[in-house]
Every structure is written in C-alpha cells, then in structure tokens.
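A.B. asks: Supplied in structure tokens, the structure appears directly below.
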Amino acid sequence: MKDISYRQGLRSKGFQVTVPTTGADQTLSLSGLAKQFEGLLFSSTTGAAPGTIVDPAQLRISLIINNDVVIDDDVAFHYALTATGGFSGGFPFFIPFPRRLTGQDTILLRVTNTSGASQILNTTIYYRNEI
C-alpha cells in the first residue's frame, strides 16, 4: 500500500463572504496547483452588525465550477455541519462534490440574501494538489 504524499494530501482554504441585502457573487480562488476539488462546508452565518440575529435559511447559494453548476439555488445551511454551526460527526466534515481542476479554474459562489440585513457566510473549500 502506497502512502499518501504531502502533495496528495487534503487541503483547505477558508473564505469569509459578506453578503449584502442585494446578494453577492464571490470568486473562490485556489492555488494554481489545485487539481481536485473535493468539497465544501459552510459554517453558521452571522450578522455583519454585532447583535443581529440571523437565520441561515435566509441565504440561498449556487456554486459554479468552470461553468458546471454544482449547487443550484439551495439553502446554505443544507451544506453546514448543523444549522447553528456546531461540530458533529467525525472528519472529514465537508460535503463532497469531487471535480477535476486544471489549476486555472473559475469557482463562483453566488449568494442571495432574503433577510433584509447584511450577513457573513463562512465558506471552507477542500481540495488536493494531486490526485
């Protein structure tokens, strides 16, 4: 059995997306060495203004990787650990959506916001540099 090398190991990159009431399109940029998109995870959303109560069901997301619609207008907390952002289960925590990458990829996260208040969506992408 061959050991997984450092270059083949699972990696992650986090993004904090501020979503105004008009929504947001956020490009998620990975290393040019990234060759395999493994999956993603959203943590709980928070109000951009301290003390604002936010319902994560108020954010809808679409994920497009190189013109391939991976997630099409779904509620963000369907792809979270729990609706409140707490940890449950074992590693890996992410929702798998394996896709090959070239290193010159366009990964777009489109978020619509029906809350009437600006929100923050924490996004983690999991990937590998080699497959």
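The way I read the labels, and the way they are meant: chains A, B, ... in the order of the structure tokens, residue 1 as the first residue of every chain, and ligand 1 as the first ligand shown, with later ones counted on from there.
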Taking 6 positions as the minimum chain separation for residues in the same chain, which residues sit within 10 Å of segment 9-19 of chain A when counting only C-alpha atoms? Answer as an MDAnalysis selection string.

C.D. replies: chainID A and resid 25:31 34 36:43 45:48 59 92 109:113 117:131

A.B. asks: Which residues come within 9 Å of segment 60-72 of chain A, counting only C-alpha atoms, excluding same-chain residues fewer than 3 positions away, as JSON, numbers by chain?

C.D. replies: {"A": [56, 57, 75, 76, 77, 97, 99, 101, 105, 106, 107, 108, 109, 110, 111, 112, 113, 114]}

A.B. asks: Would you compute the distance between atom CA of Leu33 of chain A and atom CA of Asp73 of chain A? Give it in Å to one decimal.

C.D. replies: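 Computing the Euclidean distance for atom CA of Leu33 of chain A and atom CA of Asp73 of chain A yields 29.0 Å.
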
A.B. asks: With only C-alpha atoms as the atoms that count, which of A:Ala80, A:Asp74, A:Lys35, A:Thr22 lies nearest to Ile95 of chain A?

C.D. replies: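 Counting only C-alpha atoms, the residue closest to Ile95 of chain A is A:Ala80.
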